[in-house]
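Undergrad: Sharing a structure with you now.
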Amino acid sequence: MVQLSPPTDPGVITLSAIPALVSALRELGDRPAVVVGDRAISGLGLLVGVAPQGGLPQALAERIAALAVRPSAETAPVERRLRHWAGILGPPPIRHTVLYPATELGIELALATLLAGGTVICDDPEQPPDELPARLEQSGTTHLSLPSDLLWRLSRLPSLQERDLTALRRVLHIGPEPSQDDVYAAMDALGAVIAHVRQPQTAAEVADATLRAVMGIAADDAWKQAIGVTADHARLFVERLDNAALTTMLRTLQQAGVLDDPARGHTLAEILEAVRVSAEHRPLVERWLHALVRHQLITRRGGRFQGCPPVDGVAAGEAWDRAATAWTGQLGPAAVIDHLRRCADRLPGMLSGGQHTTPRPPGETLRAVDTLARRTVTGRYLGSALGTAVRHIAASPQSPRPLRVLELGAGTGATTEAITDTLAACGAGAGVDYLCTDRSALLLGLARARLRRHPWLRFGLLDPYHGPSTSAAGPFDVVVSTGVLSGAPDAEATARRLAGLAPGGWLLAVEPTREHLELLLSRVFLAPMPAGDGRPASSQRWLDALTAAGLGAVLTLPGEAHPLTPLGHQLFATRLP
């Protein structure tokens with residue numbers, strides 16, 4: 001058996017002025033080029049636009065009618081593909097019965113037959129198999145192309161032996177890898193060379209293969225950012241950081257005279273009143289209480305929270321010391337832990353609103369947010385992966401217009417910088433239309449200031465949950481988002497909205513995959529934390545949301561076995577339908 005693969009030249013056939021094919025049709029002249037039932041269309045007829053209705057014959061005629069649209073220099077890859085198939089068919093005479101639907105492969109096989117000076121006999125692949133032998137004999141078929149499962153049924157028909165198929169020289173069957181028994185049965189029954197053509201990839205399969213290739217390259221480029229970090233190291237740090245954050249929450253509440261006696265319970269209202277929590281921070285303190293209950297530092301009985309023995313300042317300081325020891329160096333700069341400790345010291349005044357005199361977040365907090373995104377091991381890894389992924393997407397064949405990228409939740413622009421600097425370094429920036437957005441005018445202004453060196457960047461305010469539709473500015477080829485699903489009131493609905501922004505394109509979403517308790521401390525120094533829907537963040541949660549939105553395969557970086565994964569952030573990459 002001969003094993004064949006479709007030619008590797010990229011692109012879908014959109015025929016134009018291919019001189020060799022035009023010449024072949026002219027040479028056929030008035031002789032039959034395409035036969036459909038009792039009707040024959042000559043080579044000249046195809047050139048002047050004669051087209052039967054329906055299926056492969058019509059698709060073939062429509063392709064030929066589109067000749068001379070492009071110069072021959074642009075269609076050289078198409079001609080190479082057709083010559084590939086013509087070489088497989090061999091020398092004339094060729095009367096090629098094509099029992100294959102009007103797919104790109106079916107059209108290519110028919111066009112290659114015409115290029116080789118043969119005649120295409122278009123027949124119905126859905127007809128009963130027991131009718132085929134007589135039709136093949138009557139047409140004098142020399143070549144036969146059909147789906148593999150139809151060939152196996154045909155070759156086992158008893159009536160096949162009653163027909164004279166001595167003209168048949170070559171059979172091309174299209175489908176999955178065949179068994180030897182099927183191949184031998186077909187060779188014995190038809191007396192022809194049997195050649196297997198691998199089933200062409202569907203659009204979904206091509207998209208999936210491209211997704212895996214691009215994300216594989218991104219992972220290869222980003223791996224160096226995690227050198228020296230082990231999963232045990234990452235897990236130890238997370239455990240110590242969570243302990244420091246929980247200890248700080250508990251001590252902050254106990255300093256107000258609540259939750260410091262296991263025998264005494266407090267309602268939520270009593271706790272909020274004792275701590276003098278301002279209205280904007282009440283949801284945050286409620287999350288503190290739920291976290292303390294979940295981690296068993298306090299208990300809840302009915303509507304009352306039961307406390308524990310008082311936590312002193314020494315114990316809280318030691319918890320932060322242990323977290324800093326596990327963090328500083330390989331995981332990130334000391335400035336991150338130092339900032340969290342300063343936040344912990346100032347929490348009582350901030351919760352009451354006494355120190356919150358301006359809506360503008362302090363510069364120190366913004367610098368810490370920026371440091372987390374750029375200088376930590378996770379920030380560097382994800383920035384590298386995103387930059388590489390968008391660079392390779394931009395380098396892949398696109399339409400004549402620029403690649404259109406929408407970034408949601410850009411914040412201070414750290415992720416934007418990682419992507420755009422990578423694009424600029426390879427000279428691809430000018431060919432990209434990049435729209436950087438955030439819900440906060442302040443943060444967007446900071447991003448604009450830091451990225452003014454890229455004049456091709458655009459900026460705009462956009463709420464990914466309740467803002468106006470971006471359909472007027474889109475659709476986009478790539479959507480990059482940071483924390484959009486985790487902050488959503490309805491993650492599944494938000495995933496569907498993201499999918500609608502880039503039909504046929506890419507979604508690259510960075511999301512937390514664990515509860516970052518330290519953010520429940522530092523968030524009080526920024527705008528109020530998005531409410532979300534109260535469900536814990538996890539990798540599986542976001543995979544489920546993206547699947548529910550009707551998206552295809554979703555790949556994650558870093559992967560589940562990667563040493564950085566315990567730190568709790570992943571990039572979710574998928575192709576959109």
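As shown in the structure tokens, the chain order sets the letters A, B, ...; within each chain, residues go from 1, and ligands are also counted from 1 in the order they appear.
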Please list as a PDB file with all heavy atoms, in the first residue's frame every residue within 7 Å of segment 128-133 of chain A, counting only C-alpha atoms and excluding residues in the same chain fewer than 2 positions away.
TA:
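As written to disk, out-v6.pdb reads:
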```pdb
ATOM      1  N   GLU A 126     -22.729   9.447  -1.306  1.00  0.00           N
ATOM      2  CA  GLU A 126     -23.784   8.936  -0.433  1.00  0.00           C
ATOM      3  C   GLU A 126     -24.619   7.846  -1.110  1.00  0.00           C
ATOM      4  O   GLU A 126     -25.521   7.294  -0.480  1.00  0.00           O
ATOM      5  CB  GLU A 126     -24.708  10.096  -0.008  1.00  0.00           C
ATOM      6  CG  GLU A 126     -23.998  11.206   0.763  1.00  0.00           C
ATOM      7  CD  GLU A 126     -23.397  10.696   2.059  1.00  0.00           C
ATOM      8  OE1 GLU A 126     -23.989   9.787   2.672  1.00  0.00           O
ATOM      9  OE2 GLU A 126     -22.339  11.213   2.451  1.00  0.00           O
ATOM     10  N   ARG A 135     -21.361   1.599 -12.200  1.00  0.00           N
ATOM     11  CA  ARG A 135     -21.050   2.954 -12.631  1.00  0.00           C
ATOM     12  C   ARG A 135     -19.564   3.094 -12.946  1.00  0.00           C
ATOM     13  O   ARG A 135     -19.179   3.799 -13.899  1.00  0.00           O
ATOM     14  CB  ARG A 135     -21.478   3.950 -11.551  1.00  0.00           C
ATOM     15  CG  ARG A 135     -22.983   3.905 -11.280  1.00  0.00           C
ATOM     16  CD  ARG A 135     -23.334   4.683 -10.029  1.00  0.00           C
ATOM     17  NE  ARG A 135     -23.297   6.104 -10.242  1.00  0.00           N
ATOM     18  CZ  ARG A 135     -24.343   6.849 -10.609  1.00  0.00           C
ATOM     19  NH1 ARG A 135     -25.520   6.253 -10.819  1.00  0.00           N
ATOM     20  NH2 ARG A 135     -24.251   8.135 -10.773  1.00  0.00           N
ATOM     21  N   LEU A 136     -18.715   2.444 -12.178  1.00  0.00           N
ATOM     22  CA  LEU A 136     -17.276   2.496 -12.445  1.00  0.00           C
ATOM     23  C   LEU A 136     -16.949   1.800 -13.767  1.00  0.00           C
ATOM     24  O   LEU A 136     -16.116   2.272 -14.547  1.00  0.00           O
ATOM     25  CB  LEU A 136     -16.497   1.844 -11.299  1.00  0.00           C
ATOM     26  CG  LEU A 136     -16.591   2.550  -9.936  1.00  0.00           C
ATOM     27  CD1 LEU A 136     -15.873   1.726  -8.872  1.00  0.00           C
ATOM     28  CD2 LEU A 136     -15.993   3.949 -10.021  1.00  0.00           C
ATOM     29  N   GLU A 137     -17.626   0.681 -14.030  1.00  0.00           N
ATOM     30  CA  GLU A 137     -17.400  -0.038 -15.289  1.00  0.00           C
ATOM     31  C   GLU A 137     -17.875   0.791 -16.474  1.00  0.00           C
ATOM     32  O   GLU A 137     -17.166   0.941 -17.486  1.00  0.00           O
ATOM     33  CB  GLU A 137     -18.140  -1.364 -15.261  1.00  0.00           C
ATOM     34  CG  GLU A 137     -17.998  -2.181 -16.544  1.00  0.00           C
ATOM     35  CD  GLU A 137     -18.831  -3.446 -16.520  1.00  0.00           C
ATOM     36  OE1 GLU A 137     -19.858  -3.472 -15.794  1.00  0.00           O
ATOM     37  OE2 GLU A 137     -18.466  -4.392 -17.229  1.00  0.00           O
ATOM     38  N   ARG A 153     -16.323  -1.076   2.163  1.00  0.00           N
ATOM     39  CA  ARG A 153     -17.633  -1.669   1.824  1.00  0.00           C
ATOM     40  C   ARG A 153     -17.680  -2.092   0.353  1.00  0.00           C
ATOM     41  O   ARG A 153     -18.199  -3.150   0.009  1.00  0.00           O
ATOM     42  CB  ARG A 153     -18.744  -0.671   2.128  1.00  0.00           C
ATOM     43  CG  ARG A 153     -19.032  -0.522   3.629  1.00  0.00           C
ATOM     44  CD  ARG A 153     -20.182   0.428   3.886  1.00  0.00           C
ATOM     45  NE  ARG A 153     -19.800   1.806   3.655  1.00  0.00           N
ATOM     46  CZ  ARG A 153     -20.641   2.795   3.408  1.00  0.00           C
ATOM     47  NH1 ARG A 153     -21.939   2.544   3.308  1.00  0.00           N
ATOM     48  NH2 ARG A 153     -20.211   4.022   3.234  1.00  0.00           N
ATOM     49  N   LEU A 154     -17.107  -1.247  -0.508  1.00  0.00           N
ATOM     50  CA  LEU A 154     -17.093  -1.564  -1.936  1.00  0.00           C
ATOM     51  C   LEU A 154     -16.299  -2.836  -2.220  1.00  0.00           C
ATOM     52  O   LEU A 154     -16.736  -3.706  -2.999  1.00  0.00           O
ATOM     53  CB  LEU A 154     -16.495  -0.391  -2.708  1.00  0.00           C
ATOM     54  CG  LEU A 154     -16.261  -0.581  -4.208  1.00  0.00           C
ATOM     55  CD1 LEU A 154     -17.580  -0.790  -4.940  1.00  0.00           C
ATOM     56  CD2 LEU A 154     -15.502   0.603  -4.789  1.00  0.00           C
ATOM     57  N   LEU A 157     -18.126  -6.256  -1.755  1.00  0.00           N
ATOM     58  CA  LEU A 157     -19.378  -6.552  -2.450  1.00  0.00           C
ATOM     59  C   LEU A 157     -19.217  -7.774  -3.341  1.00  0.00           C
ATOM     60  O   LEU A 157     -18.319  -7.814  -4.203  1.00  0.00           O
ATOM     61  CB  LEU A 157     -19.799  -5.357  -3.306  1.00  0.00           C
ATOM     62  CG  LEU A 157     -20.294  -4.107  -2.577  1.00  0.00           C
ATOM     63  CD1 LEU A 157     -20.541  -2.990  -3.582  1.00  0.00           C
ATOM     64  CD2 LEU A 157     -21.570  -4.405  -1.795  1.00  0.00           C
ATOM     65  N   LEU A 160     -19.056  -7.169  -7.181  1.00  0.00           N
ATOM     66  CA  LEU A 160     -17.876  -6.550  -7.772  1.00  0.00           C
ATOM     67  C   LEU A 160     -17.192  -7.483  -8.768  1.00  0.00           C
ATOM     68  O   LEU A 160     -16.621  -7.031  -9.776  1.00  0.00           O
ATOM     69  CB  LEU A 160     -16.900  -6.155  -6.662  1.00  0.00           C
ATOM     70  CG  LEU A 160     -15.746  -5.229  -7.051  1.00  0.00           C
ATOM     71  CD1 LEU A 160     -16.290  -3.873  -7.491  1.00  0.00           C
ATOM     72  CD2 LEU A 160     -14.799  -5.047  -5.866  1.00  0.00           C
ATOM     73  N   ARG A 163     -18.106  -7.357 -12.587  1.00  0.00           N
ATOM     74  CA  ARG A 163     -17.852  -6.154 -13.361  1.00  0.00           C
ATOM     75  C   ARG A 163     -16.425  -6.137 -13.896  1.00  0.00           C
ATOM     76  O   ARG A 163     -15.494  -6.636 -13.259  1.00  0.00           O
ATOM     77  CB  ARG A 163     -18.080  -4.907 -12.492  1.00  0.00           C
ATOM     78  CG  ARG A 163     -19.511  -4.786 -11.990  1.00  0.00           C
ATOM     79  CD  ARG A 163     -20.481  -4.607 -13.158  1.00  0.00           C
ATOM     80  NE  ARG A 163     -21.860  -4.627 -12.720  1.00  0.00           N
ATOM     81  CZ  ARG A 163     -22.906  -4.518 -13.533  1.00  0.00           C
ATOM     82  NH1 ARG A 163     -22.719  -4.398 -14.841  1.00  0.00           N
ATOM     83  NH2 ARG A 163     -24.129  -4.554 -13.069  1.00  0.00           N
TER      84      ARG A 163
END
```
Undergrad: Please tabulate, as CSV, the residues of segment 476-524 of chain A that come within 9 Å of segment 395-416 of chain A, each with its closest pair of atoms and the distance in Å to one decimal, counting only C-alpha atoms and ordering rows by chain, then residue number upward.
TA:
```
residue,atom,partner,partner_atom,distance
A:Phe476,CA,A:Arg404,CA,5.0
A:Asp477,CA,A:Arg404,CA,5.1
A:Val478,CA,A:Val405,CA,4.8
A:Val479,CA,A:Leu406,CA,4.9
A:Val480,CA,A:Glu407,CA,4.6
A:Ser481,CA,A:Leu408,CA,4.6
A:Thr482,CA,A:Gly409,CA,5.3
A:Gly483,CA,A:Gly409,CA,6.9
A:Val484,CA,A:Gly409,CA,6.6
A:Leu501,CA,A:Leu406,CA,8.6
A:Ala502,CA,A:Leu406,CA,9.0
```
Undergrad: Could you tell me which of A:Leu461, A:Val197, A:Leu451, A:Ala244 comes closest to Pro176 of chain A if we count only C-alpha atoms?
TA: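 For Pro176 of chain A, the nearest of the candidates is A:Val197.
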Undergrad: What lies within 12 Å of His466 of chain A using only C-alpha atoms, ignoring chain neighbours under 6 positions off, as an NGL selection string?
TA: :A and (439 or 488-490 or 493-494 or 497)
Undergrad: Could you write out that same residue set with all heavy atoms as a PDB file, in the first residue's frame?
TA:
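And here is the file that came out, part05.pdb:
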```
ATOM      1  N   ARG A 439     -10.268  49.499  34.122  1.00  0.00           N
ATOM      2  CA  ARG A 439     -11.437  50.154  34.699  1.00  0.00           C
ATOM      3  C   ARG A 439     -11.061  51.467  35.388  1.00  0.00           C
ATOM      4  O   ARG A 439     -11.917  52.325  35.594  1.00  0.00           O
ATOM      5  CB  ARG A 439     -12.105  49.233  35.711  1.00  0.00           C
ATOM      6  CG  ARG A 439     -12.536  47.893  35.161  1.00  0.00           C
ATOM      7  CD  ARG A 439     -12.909  46.932  36.277  1.00  0.00           C
ATOM      8  NE  ARG A 439     -14.171  47.270  36.897  1.00  0.00           N
ATOM      9  CZ  ARG A 439     -14.638  46.674  37.991  1.00  0.00           C
ATOM     10  NH1 ARG A 439     -13.932  45.750  38.589  1.00  0.00           N
ATOM     11  NH2 ARG A 439     -15.801  47.021  38.490  1.00  0.00           N
ATOM     12  N   ALA A 488     -15.015  38.674  38.471  1.00  0.00           N
ATOM     13  CA  ALA A 488     -16.313  38.761  37.804  1.00  0.00           C
ATOM     14  C   ALA A 488     -17.463  38.360  38.727  1.00  0.00           C
ATOM     15  O   ALA A 488     -17.350  37.384  39.477  1.00  0.00           O
ATOM     16  CB  ALA A 488     -16.322  37.857  36.565  1.00  0.00           C
ATOM     17  N   PRO A 489     -18.579  39.055  38.664  1.00  0.00           N
ATOM     18  CA  PRO A 489     -19.768  38.605  39.400  1.00  0.00           C
ATOM     19  C   PRO A 489     -20.254  37.247  38.906  1.00  0.00           C
ATOM     20  O   PRO A 489     -20.830  36.478  39.658  1.00  0.00           O
ATOM     21  CB  PRO A 489     -20.801  39.706  39.112  1.00  0.00           C
ATOM     22  CG  PRO A 489     -19.999  40.887  38.669  1.00  0.00           C
ATOM     23  CD  PRO A 489     -18.792  40.327  37.991  1.00  0.00           C
ATOM     24  N   ASP A 490     -20.024  36.965  37.639  1.00  0.00           N
ATOM     25  CA  ASP A 490     -20.402  35.678  37.035  1.00  0.00           C
ATOM     26  C   ASP A 490     -19.281  35.285  36.079  1.00  0.00           C
ATOM     27  O   ASP A 490     -19.188  35.815  34.972  1.00  0.00           O
ATOM     28  CB  ASP A 490     -21.735  35.821  36.296  1.00  0.00           C
ATOM     29  CG  ASP A 490     -22.247  34.501  35.724  1.00  0.00           C
ATOM     30  OD1 ASP A 490     -21.421  33.609  35.445  1.00  0.00           O
ATOM     31  OD2 ASP A 490     -23.471  34.363  35.551  1.00  0.00           O
ATOM     32  N   ALA A 493     -20.400  33.833  32.576  1.00  0.00           N
ATOM     33  CA  ALA A 493     -20.914  34.863  31.665  1.00  0.00           C
ATOM     34  C   ALA A 493     -19.783  35.742  31.148  1.00  0.00           C
ATOM     35  O   ALA A 493     -19.764  36.134  29.974  1.00  0.00           O
ATOM     36  CB  ALA A 493     -21.968  35.713  32.374  1.00  0.00           C
ATOM     37  N   THR A 494     -18.812  36.040  32.009  1.00  0.00           N
ATOM     38  CA  THR A 494     -17.677  36.855  31.583  1.00  0.00           C
ATOM     39  C   THR A 494     -16.827  36.106  30.567  1.00  0.00           C
ATOM     40  O   THR A 494     -16.338  36.697  29.596  1.00  0.00           O
ATOM     41  CB  THR A 494     -16.822  37.248  32.800  1.00  0.00           C
ATOM     42  OG1 THR A 494     -17.630  38.026  33.696  1.00  0.00           O
ATOM     43  CG2 THR A 494     -15.617  38.066  32.379  1.00  0.00           C
ATOM     44  N   ARG A 497     -18.406  36.456  27.320  1.00  0.00           N
ATOM     45  CA  ARG A 497     -18.204  37.807  26.775  1.00  0.00           C
ATOM     46  C   ARG A 497     -16.804  37.928  26.173  1.00  0.00           C
ATOM     47  O   ARG A 497     -16.622  38.510  25.101  1.00  0.00           O
ATOM     48  CB  ARG A 497     -18.397  38.840  27.866  1.00  0.00           C
ATOM     49  CG  ARG A 497     -18.131  40.253  27.369  1.00  0.00           C
ATOM     50  CD  ARG A 497     -18.626  41.299  28.320  1.00  0.00           C
ATOM     51  NE  ARG A 497     -18.393  42.631  27.763  1.00  0.00           N
ATOM     52  CZ  ARG A 497     -18.984  43.722  28.173  1.00  0.00           C
ATOM     53  NH1 ARG A 497     -19.876  43.662  29.130  1.00  0.00           N
ATOM     54  NH2 ARG A 497     -18.700  44.893  27.634  1.00  0.00           N
TER      55      ARG A 497
END
```
Undergrad: Of the candidates A:Leu551, A:Ala291, A:Val35, A:Leu172, which shows the shortest atom-to-atom distance to Gly118 of chain A, using only C-alpha atoms?
TA: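 Residue with the minimum atom-to-atom distance to Gly118 of chain A: A:Val35.
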Undergrad: Segment 255-342 of chain A: which residues are strand (DSSP E) by DSSP, as a PyMOL selection string?
TA: chain A and resi 265-266+299-301+304-306
Undergrad: Contacts of segment 561-575 of chain A at 7 Å or less, counting only C-alpha atoms, minus same-chain residues fewer than 6 places along, as a ChimeraX atom specification?
TA: /A:207,211,229-231,234-235,238,378,382,504-514,552-555
Undergrad: So that I can see what lies close to segment 218-228 of chain A, please list as a list in words the residues with an atom at most 7 Å from it, counting only C-alpha atoms and leaving out residues fewer than 5 positions away in the same chain.
TA: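 Once the nearby chain positions are removed, what remains is Val377, Arg380, Tyr381, Ser384, Ala385, Thr388, Ala389 and Leu557 of chain A.
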Undergrad: Between A:Leu114, A:Leu289, A:Met249, A:Leu462, single out the one closest to Leu268 of chain A, counting only C-alpha atoms.
TA: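 Counting only C-alpha atoms, the residue closest to Leu268 of chain A is A:Leu289.
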Undergrad: Need to verify the contact set: segment 327-331 of chain A, 6 Å, only C-alpha atoms, exclusion of same-chain residues closer than 3 positions in sequence. Can you return it as a list in words?
TA: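 Close residues of segment 327-331 of chain A: Ala324, Ala334, Thr376 and Val377 of chain A.
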Undergrad: For the residues in that selection, give me N, CA and C atoms as a short mmCIF file (atom, residue, chain, number, x, y, z; two decimals), in the first residue's frame.
TA:
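selection.cif, freshly written:
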```cif
data_model
loop_
_atom_site.label_atom_id
_atom_site.label_comp_id
_atom_site.auth_asym_id
_atom_site.auth_seq_id
_atom_site.Cartn_x
_atom_site.Cartn_y
_atom_site.Cartn_z
N ALA A 324 9.26 36.15 55.12
CA ALA A 324 10.33 36.88 54.41
C ALA A 324 11.51 35.98 54.13
N ALA A 334 12.84 41.80 48.42
CA ALA A 334 12.38 42.02 49.80
C ALA A 334 11.32 43.10 49.87
N THR A 376 8.85 39.70 40.45
CA THR A 376 8.75 38.41 41.12
C THR A 376 8.95 37.30 40.10
N VAL A 377 9.25 36.10 40.59
CA VAL A 377 9.52 34.99 39.67
C VAL A 377 8.28 34.67 38.83
#
```
Undergrad: Within segment 87-233 of chain A, find each residue whose DSSP state, derived from the backbone, is alpha helix (DSSP H), and express the selection as JSON, numbers by chain.
TA: {"A": [87, 88, 89, 104, 105, 106, 107, 108, 109, 110, 111, 112, 113, 114, 115, 132, 133, 134, 135, 136, 137, 138, 139, 148, 149, 150, 151, 152, 153, 154, 155, 180, 181, 182, 183, 184, 185, 186, 187, 188, 189, 190, 203, 204, 205, 206, 207, 208, 209, 210, 211, 212, 213, 214, 215, 216, 217, 218, 219, 220, 221, 222, 231, 232, 233]}
Undergrad: Fewer than 4 positions away in the same chain doesn't count, so skip those; otherwise give me all residues within 7 Å of Ser42 of chain A, counting only C-alpha atoms, as JSON, numbers by chain.
TA: {"A": [29, 30, 31, 32, 33, 34, 46]}
Undergrad: Compare A:Leu272, A:Leu347, A:Leu442, A:Ala418 by their minimum atom-to-atom distance to Gly383 of chain A, counting only C-alpha atoms, and give me the closest one.
TA: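 Looking at the shortest contact to Gly383 of chain A, the residue is A:Ala418.
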Undergrad: Which residue is closest to Asp149 of chain A? Choose from A:Gln199, A:Asp188, A:His84, A:Ala40 and count only C-alpha atoms.
TA: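 Nearest candidate to Asp149 of chain A out of A:Gln199, A:Asp188, A:His84, A:Ala40: A:Gln199.
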